[in-house]
$ cat upload-v5.cif   # mmCIF, C-alpha atoms
data_data
loop_
_atom_site.label_atom_id
_atom_site.label_comp_id
_atom_site.auth_asym_id
_atom_site.auth_seq_id
_atom_site.Cartn_x
_atom_site.Cartn_y
_atom_site.Cartn_z
CA MET D 241 43.97 -17.45 -32.95
CA LYS D 242 43.66 -19.59 -29.81
CA PHE D 243 42.42 -16.77 -27.56
CA LYS D 244 39.55 -16.03 -29.94
CA ARG D 245 38.39 -19.66 -29.85
CA TYR D 246 38.46 -19.73 -26.05
CA LEU D 247 36.49 -16.48 -25.98
CA GLN D 248 33.90 -17.58 -28.54
CA VAL D 249 33.05 -20.79 -26.70
CA THR D 250 31.95 -18.73 -23.67
CA LYS D 251 29.33 -16.75 -25.67
CA PRO D 252 30.48 -13.17 -24.83
CA GLY D 253 27.11 -11.61 -25.71
CA ILE D 254 25.36 -13.66 -23.03
CA ILE D 255 28.06 -12.79 -20.50
CA PHE D 256 27.66 -9.06 -21.18
CA GLY D 257 23.87 -9.18 -20.83
CA ASN D 258 24.13 -10.99 -17.50
CA LEU D 259 26.79 -8.55 -16.31
CA ILE D 260 24.44 -5.59 -16.93
CA SER D 261 21.53 -7.17 -15.04
CA ALA D 262 23.79 -8.26 -12.15
CA ALA D 263 25.14 -4.72 -11.80
CA GLY D 264 21.56 -3.40 -11.87
CA GLY D 265 20.53 -5.68 -9.02
CA PHE D 266 23.66 -4.81 -7.04
CA LEU D 267 23.23 -1.06 -7.41
CA LEU D 268 19.51 -1.29 -6.61
CA ALA D 269 20.41 -2.83 -3.25
CA ALA D 270 23.40 -0.54 -2.65
CA GLN D 271 21.26 2.63 -2.75
CA GLY D 272 24.16 4.86 -3.75
CA SER D 273 26.51 3.50 -1.07
CA VAL D 274 28.59 1.35 -3.40
CA ASP D 275 31.38 -0.94 -2.28
CA TRP D 276 33.27 -0.93 -5.57
CA TRP D 277 35.48 -3.88 -4.65
CA LEU D 278 32.40 -5.94 -3.82
CA LEU D 279 30.75 -4.88 -7.08
CA ALA D 280 33.84 -5.88 -9.06
CA ALA D 281 34.09 -9.25 -7.31
CA THR D 282 30.39 -9.91 -7.87
CA VAL D 283 30.26 -9.10 -11.59
CA ILE D 284 33.62 -10.72 -12.36
CA GLY D 285 32.81 -13.87 -10.37
CA LEU D 286 29.36 -14.11 -11.92
CA SER D 287 30.75 -13.51 -15.43
CA LEU D 288 33.28 -16.31 -14.97
CA VAL D 289 30.54 -18.72 -13.88
CA VAL D 290 28.29 -17.70 -16.78
CA ALA D 291 31.23 -18.21 -19.15
CA SER D 292 31.78 -21.64 -17.63
CA GLY D 293 28.13 -22.60 -18.12
CA CYS D 294 28.18 -21.43 -21.73
CA ALA D 295 31.36 -23.38 -22.51
CA ILE D 296 29.90 -26.57 -21.03
CA ASN D 297 26.60 -25.91 -22.82
CA ASN D 298 28.52 -25.77 -26.11
CA CYS D 299 29.91 -29.21 -25.36
CA ILE D 300 26.48 -30.63 -24.58
CA ASP D 301 24.80 -29.04 -27.62
CA GLN D 302 27.32 -30.04 -30.31
CA ASP D 303 24.92 -32.38 -32.08
CA ILE D 304 22.11 -29.81 -32.00
CA ASP D 305 24.38 -26.95 -33.07
CA ALA D 306 25.47 -28.91 -36.16
CA LYS D 307 21.85 -28.93 -37.38
CA MET D 308 21.11 -25.24 -36.87
CA ALA D 309 22.21 -22.63 -39.40
CA ARG D 310 23.02 -19.99 -36.79
CA THR D 311 25.26 -22.34 -34.75
CA GLN D 312 26.99 -24.42 -37.44
CA LYS D 313 30.10 -22.24 -37.23
CA ARG D 314 30.62 -22.60 -33.48
CA VAL D 315 34.14 -23.72 -32.67
CA LEU D 316 33.19 -27.18 -31.40
CA VAL D 317 31.07 -27.91 -34.47
CA THR D 318 33.79 -26.85 -36.91
CA GLY D 319 36.47 -28.69 -34.96
CA ALA D 320 38.46 -25.52 -34.26
CA MET D 321 38.37 -26.50 -30.59
CA SER D 322 38.15 -29.93 -28.99
CA THR D 323 35.44 -30.97 -26.54
CA LYS D 324 38.11 -31.82 -23.98
CA ALA D 325 39.64 -28.35 -24.22
CA ALA D 326 36.24 -26.66 -23.95
CA LEU D 327 35.29 -28.73 -20.88
CA ALA D 328 38.62 -27.98 -19.20
CA HIS D 329 38.21 -24.29 -20.02
CA GLY D 330 34.70 -24.30 -18.58
CA ALA D 331 35.83 -26.11 -15.42
CA VAL D 332 38.66 -23.64 -14.76
CA LEU D 333 36.39 -20.64 -15.33
CA GLY D 334 33.71 -22.08 -13.06
CA LEU D 335 36.10 -22.88 -10.22
CA ALA D 336 37.65 -19.41 -10.45
CA GLY D 337 34.25 -17.73 -10.51
CA PHE D 338 32.82 -19.64 -7.56
CA ALA D 339 36.02 -19.15 -5.54
CA LEU D 340 35.87 -15.39 -6.13
CA LEU D 341 32.19 -15.23 -5.16
CA TRP D 342 32.68 -17.40 -2.07
CA PHE D 343 35.64 -15.50 -0.65
CA CYS D 344 34.64 -11.98 -1.69
CA THR D 345 30.82 -11.84 -1.49
CA ASN D 346 28.66 -14.00 0.77
CA PRO D 347 27.27 -17.57 0.86
CA LEU D 348 23.79 -16.49 -0.28
CA ALA D 349 25.02 -14.73 -3.42
CA THR D 350 27.28 -17.70 -4.18
CA GLY D 351 24.38 -20.09 -3.60
CA CYS D 352 22.17 -18.10 -5.99
CA VAL D 353 24.79 -18.35 -8.72
CA LEU D 354 25.25 -22.07 -8.04
CA PHE D 355 21.49 -22.55 -8.34
CA GLY D 356 21.48 -20.80 -11.71
CA PHE D 357 24.46 -22.83 -12.92
CA VAL D 358 22.87 -26.16 -11.96
CA ILE D 359 19.56 -25.21 -13.58
CA TYR D 360 21.22 -24.07 -16.82
CA VAL D 361 23.79 -26.84 -17.23
CA GLY D 362 22.23 -29.76 -15.39
CA VAL D 363 18.48 -29.38 -15.78
CA TYR D 364 18.01 -27.25 -18.90
CA SER D 365 20.93 -28.18 -21.17
CA LEU D 366 21.12 -31.88 -20.34
CA TYR D 367 17.40 -32.67 -20.31
CA MET D 368 14.65 -30.05 -20.56
CA LYS D 369 15.85 -28.32 -23.74
CA ARG D 370 15.69 -31.58 -25.68
CA ASN D 371 12.68 -33.20 -24.10
CA SER D 372 10.05 -30.70 -22.99
CA VAL D 373 8.16 -27.68 -24.25
CA TYR D 374 8.62 -26.34 -20.72
CA GLY D 375 12.38 -26.14 -21.17
CA THR D 376 12.11 -22.39 -21.82
CA LEU D 377 10.26 -21.89 -18.53
CA VAL D 378 12.87 -23.85 -16.56
CA GLY D 379 15.71 -22.07 -18.32
CA SER D 380 14.19 -18.71 -17.44
CA LEU D 381 15.05 -19.34 -13.78
CA SER D 382 18.77 -19.45 -14.53
CA GLY D 383 18.49 -16.33 -16.66
CA ALA D 384 16.93 -14.47 -13.73
CA VAL D 385 19.72 -15.32 -11.29
CA PRO D 386 22.30 -12.55 -12.10
CA PRO D 387 20.29 -9.55 -10.80
CA VAL D 388 19.20 -11.56 -7.75
CA ALA D 389 22.80 -12.57 -7.02
CA GLY D 390 23.93 -8.97 -7.41
CA TYR D 391 21.20 -7.83 -5.02
CA CYS D 392 21.99 -10.53 -2.45
CA ALA D 393 25.72 -9.76 -2.61
CA VAL D 394 24.85 -6.42 -1.00
CA THR D 395 22.02 -7.38 1.35
CA GLY D 396 23.10 -10.85 2.38
CA SER D 397 19.42 -11.81 2.55
CA PHE D 398 16.71 -12.97 0.15
CA ASP D 399 13.95 -10.43 0.81
CA MET D 400 10.96 -9.14 -1.11
CA GLY D 401 13.20 -7.08 -3.39
CA ALA D 402 15.13 -10.20 -4.43
CA ALA D 403 11.88 -12.11 -4.98
CA ILE D 404 10.53 -9.35 -7.25
CA LEU D 405 13.75 -9.35 -9.28
CA LEU D 406 13.55 -13.13 -9.68
CA LEU D 407 9.94 -12.89 -10.84
CA MET D 408 10.58 -9.92 -13.11
CA PHE D 409 13.56 -11.36 -14.94
CA SER D 410 12.03 -14.85 -15.22
CA LEU D 411 8.91 -13.40 -16.85
CA TRP D 412 11.03 -11.28 -19.20
CA GLN D 413 12.89 -14.36 -20.43
CA MET D 414 9.73 -15.97 -21.81
CA PRO D 415 8.66 -13.53 -24.57
CA HIS D 416 12.33 -12.87 -25.30
CA SER D 417 12.97 -16.59 -25.87
CA TYR D 418 9.73 -17.30 -27.73
CA ALA D 419 10.53 -14.46 -30.13
CA ILE D 420 13.89 -16.09 -30.89
CA ALA D 421 12.16 -19.43 -31.43
CA ILE D 422 9.79 -17.84 -33.95
CA PHE D 423 12.38 -16.10 -36.13
CA ARG D 424 14.66 -19.15 -35.81
CA PHE D 425 11.76 -21.56 -36.29
CA LYS D 426 13.41 -23.63 -39.02
CA ASP D 427 16.57 -24.07 -36.96
CA TYR D 428 14.69 -25.38 -33.92
CA GLU D 429 12.53 -27.60 -36.13
CA ALA D 430 15.58 -29.07 -37.89
CA ALA D 431 17.29 -29.78 -34.56
CA GLY D 432 14.14 -31.32 -33.07
CA ILE D 433 14.06 -28.93 -30.12
CA PRO D 434 10.51 -28.84 -28.66
CA VAL D 435 10.09 -25.09 -28.22
CA LEU D 436 6.54 -23.74 -28.07
CA PRO D 437 6.29 -22.38 -31.65
CA VAL D 438 7.43 -25.74 -33.06
CA VAL D 439 5.24 -27.89 -30.80
CA LYS D 440 2.06 -25.81 -30.62
CA GLY D 441 2.44 -23.35 -33.47
CA ILE D 442 3.36 -19.71 -33.92
CA SER D 443 -0.16 -18.49 -33.03
CA ALA D 444 0.07 -20.13 -29.60
CA ALA D 445 3.51 -18.58 -29.10
CA LYS D 446 2.19 -15.12 -30.02
CA GLN D 447 -0.55 -15.45 -27.42
CA GLN D 448 1.96 -16.50 -24.78
CA ILE D 449 4.24 -13.59 -25.66
CA VAL D 450 1.42 -11.10 -25.05
CA LEU D 451 0.42 -12.73 -21.75
CA TYR D 452 3.98 -12.87 -20.46
CA ILE D 453 4.61 -9.23 -21.36
CA LEU D 454 1.49 -8.26 -19.38
CA ALA D 455 2.74 -10.30 -16.40
CA PHE D 456 6.21 -8.80 -16.75
CA ALA D 457 4.75 -5.27 -16.79
CA ALA D 458 2.90 -5.98 -13.54
CA ALA D 459 6.06 -7.38 -11.95
CA THR D 460 8.13 -4.31 -12.88
CA VAL D 461 5.66 -2.06 -11.06
CA MET D 462 6.02 -4.17 -7.90
CA LEU D 463 9.47 -2.68 -7.31
CA VAL D 464 7.85 0.75 -6.97
CA TYR D 465 4.90 -0.55 -4.94
CA GLY D 466 7.34 -2.21 -2.53
CA GLY D 467 9.34 1.00 -2.17
CA TYR D 468 12.45 -0.31 -3.90
CA ALA D 469 12.42 2.11 -6.85
CA GLY D 470 11.19 5.62 -7.59
CA TYR D 471 9.01 7.36 -10.14
CA GLY D 472 11.79 7.77 -12.69
CA TYR D 473 12.12 4.00 -12.82
CA LEU D 474 8.32 3.69 -12.95
CA ALA D 475 8.07 6.00 -15.95
CA VAL D 476 10.63 3.97 -17.88
CA ALA D 477 9.06 0.66 -16.80
CA VAL D 478 5.58 1.71 -17.93
CA ALA D 479 6.78 3.26 -21.20
CA THR D 480 8.92 0.28 -22.26
CA SER D 481 6.34 -2.31 -21.19
CA LEU D 482 3.52 -0.58 -23.07
CA TRP D 483 5.61 -0.17 -26.20
CA TRP D 484 6.73 -3.80 -26.01
CA LEU D 485 3.08 -4.86 -25.56
CA LYS D 486 2.01 -2.73 -28.52
CA MET D 487 4.73 -4.34 -30.61
CA ALA D 488 3.61 -7.82 -29.53
CA LEU D 489 -0.04 -7.10 -30.36
CA SER D 490 0.94 -5.92 -33.83
CA GLY D 491 1.81 -9.54 -34.57
CA TYR D 492 -1.91 -10.24 -34.96
CA LYS D 493 -2.20 -8.07 -38.05
CA ARG D 494 -3.04 -10.15 -41.13
CA GLU D 495 -0.17 -8.79 -43.21
CA THR D 496 2.45 -9.42 -40.53
CA ASP D 497 5.72 -11.10 -41.50
CA ASP D 498 6.14 -13.36 -38.46
CA ARG D 499 9.92 -13.58 -38.66
CA ALA D 500 10.43 -9.82 -39.01
CA TRP D 501 7.90 -9.18 -36.25
CA ALA D 502 9.61 -11.65 -33.90
CA ARG D 503 12.98 -10.00 -34.50
CA GLN D 504 11.50 -6.65 -33.50
CA VAL D 505 10.00 -8.14 -30.33
CA PHE D 506 13.34 -9.76 -29.52
CA PHE D 507 15.44 -6.64 -30.04
CA PHE D 508 13.04 -4.47 -28.06
CA SER D 509 13.13 -7.01 -25.23
CA ILE D 510 16.86 -6.28 -24.90
CA ILE D 511 16.22 -2.52 -24.89
CA THR D 512 13.54 -3.00 -22.24
CA ILE D 513 15.58 -5.05 -19.79
CA THR D 514 18.71 -2.94 -20.28
CA SER D 515 16.74 0.25 -19.62
CA LEU D 516 15.20 -1.19 -16.47
CA SER D 517 18.57 -2.45 -15.21
CA VAL D 518 19.99 1.06 -15.63
CA MET D 519 16.99 2.69 -13.95
CA MET D 520 17.13 0.26 -11.03
CA ALA D 521 20.70 1.41 -10.51
CA VAL D 522 20.02 5.16 -10.68
CA ASP D 523 16.55 5.37 -9.11
CA GLY D 524 16.59 2.72 -6.41
CA GLN D 525 15.21 3.53 -2.97
CA THR D 526 15.31 2.07 0.51
CA PRO D 527 11.91 0.54 1.33
CA PRO D 528 10.09 2.07 4.36
CA HIS D 529 10.33 -1.15 6.40
CA SER D 530 14.09 -1.26 5.83
CA ARG D 531 14.44 2.35 6.98
CA VAL D 532 12.70 1.45 10.25
CA VAL D 533 15.10 -1.44 10.84
CA MET D 534 18.13 0.72 10.06
CA THR D 535 16.94 3.44 12.44
CA ALA D 536 16.26 0.90 15.17
CA ASP D 537 19.77 -0.46 14.83
CA ALA D 538 21.04 3.06 15.35
CA GLY D 539 19.24 3.12 18.70
CA HIS D 540 16.33 5.44 17.97
CA TYR D 541 13.06 4.90 16.12
CA ARG D 542 11.36 7.45 13.90
#
$ encode --input "upload-v5.cif" --output "structure tokens"
Amino acid sequence: MKFKRYLQVTKPGIIFGNLISAAGGFLLAAQGSVDWWLLAATVIGLSLVVASGCAINNCIDQDIDAKMARTQKRVLVTGAMSTKAALAHGAVLGLAGFALLWFCTNPLATGCVLFGFVIYVGVYSLYMKRNSVYGTLVGSLSGAVPPVAGYCAVTGSFDMGAAILLLMFSLWQMPHSYAIAIFRFKDYEAAGIPVLPVVKGISAAKQQIVLYILAFAAATVMLVYGGYAGYGYLAVAVATSLWWLKMALSGYKRETDDRAWARQVFFFSIITITSLSVMMAVDGQTPPHSRVVMTADAGHYR
């Protein structure tokens, strides 16, 4: 079925994950005063751009995908869809997404999404993924864009809250991605992709996973310290981060099956970031400095 092929080439799972984080960032900034039309335009526009990036990424990665067991059945590898059709599909989706963001949100939110698109397609997919062990780090920037774009669609400014979201989601990407690289080690090795576990070994990747989870945990707390989220969010952030850390540290046990362990770390990373995205939405707060500005605009300070 043609529709199914056009859907598969956009990697729906990635689109859904980015949609959740974008909505979390949007609702964190909205503080309960939600412009539903703006929210719809933001998540739909962003989803279209993400779909575009994924379709183009499939075109770029055809040779790599043919060598990896988990990607050998992708539509471009099997020939179910032509490269020309996938590129055209990606171009149409991208133009539609950027047009929707430009006309319905604001230039900053659109610029954030454009930044993520260029990093993912231009820098990561075309060069860093194939040539550098730091490709994961560069790619993490594009993965952190959706919540920042959602936040900026509401505020129209890149403030401390946006910076914390960028840091938080970039740090989260690292252990999440390294875990995938461990349980898909043979795939990455066969394709010659220089991810950390392949280049420096699984032990080095385990160490990096623990360190990045610690850094991520510290970043999550910054939202509370800055006054952007409340104690409900804090409780979930601390609980999920500690459990994720405990899970990561269990990888040092002598009897550990590295692949099974990495899958657990990966799956819990999804639970962690989804939980935090939800809690940002339901337990966001207006920072004290923002309340002063809002009151001043009303003509009387408190």
$ atom_distance --input "upload-v5.cif" --atom1 "CA of Leu348 in chain D" --atom2 "CA of Gly396 in chain D"
6.3 Å
$ resolve_selection --input "upload-v5.cif" --expression "the PyMOL selection byres ((chain D and resi 262) around 9)" --output "PyMOL selection string"
chain D and resi 257-261+263-267+282-283+286+385-391+517
$ closest_residue --input "upload-v5.cif" --among "D:Ile284, D:Ala291, D:Val394, D:Val522" --to "Leu247 in chain D" --atoms "all atoms listed in the file"
D:Ala291
$ closest_atom_pairs --input "upload-v5.cif" --of "range 339-401 of chain D" --to "range 425-438 of chain D" --cutoff "9 Å" --atoms "all atoms listed in the file" --output "CSV"
residue,atom,partner,partner_atom,distance
D:Lys369,CA,D:Ile433,CA,6.7
D:Arg370,CA,D:Ile433,CA,5.4
D:Asn371,CA,D:Pro434,CA,6.7
D:Ser372,CA,D:Pro434,CA,6.0
D:Val373,CA,D:Val435,CA,5.1
D:Tyr374,CA,D:Val435,CA,7.7
D:Gly375,CA,D:Val435,CA,7.5
D:Thr376,CA,D:Val435,CA,7.2
$ write_last_selection --input "upload-v5.cif" --atoms "C-alpha atoms" --output "CSV table (one decimal), in the frame of the given file"
chain,number,residue,atom,x,y,z
D,369,LYS,CA,15.8,-28.3,-23.7
D,370,ARG,CA,15.7,-31.6,-25.7
D,371,ASN,CA,12.7,-33.2,-24.1
D,372,SER,CA,10.0,-30.7,-23.0
D,373,VAL,CA,8.2,-27.7,-24.2
D,374,TYR,CA,8.6,-26.3,-20.7
D,375,GLY,CA,12.4,-26.1,-21.2
D,376,THR,CA,12.1,-22.4,-21.8
$ resolve_selection --input "upload-v5.cif" --expression "the PyMOL selection byres ((chain D and resi 246) around 9)" --output "MDAnalysis selection string"
chainID D and resid 242:245 247:250 295 315 321 325:326 329
$ atom_distance --input "upload-v5.cif" --atom1 "CA of Leu327 in chain D" --atom2 "CA of Val290 in chain D"
13.7 Å
$ resolve_selection --input "upload-v5.cif" --expression "the PyMOL selection byres ((chain D and resi 296-300) around 6)" --output "list in words"
Gly293, Cys294, Ala295, Asp301, Gln302, Thr323, Leu327 and Gly330 of chain D
$ atom_distance --input "upload-v5.cif" --atom1 "CA of Lys493 in chain D" --atom2 "CA of Ala475 in chain D"
28.1 Å
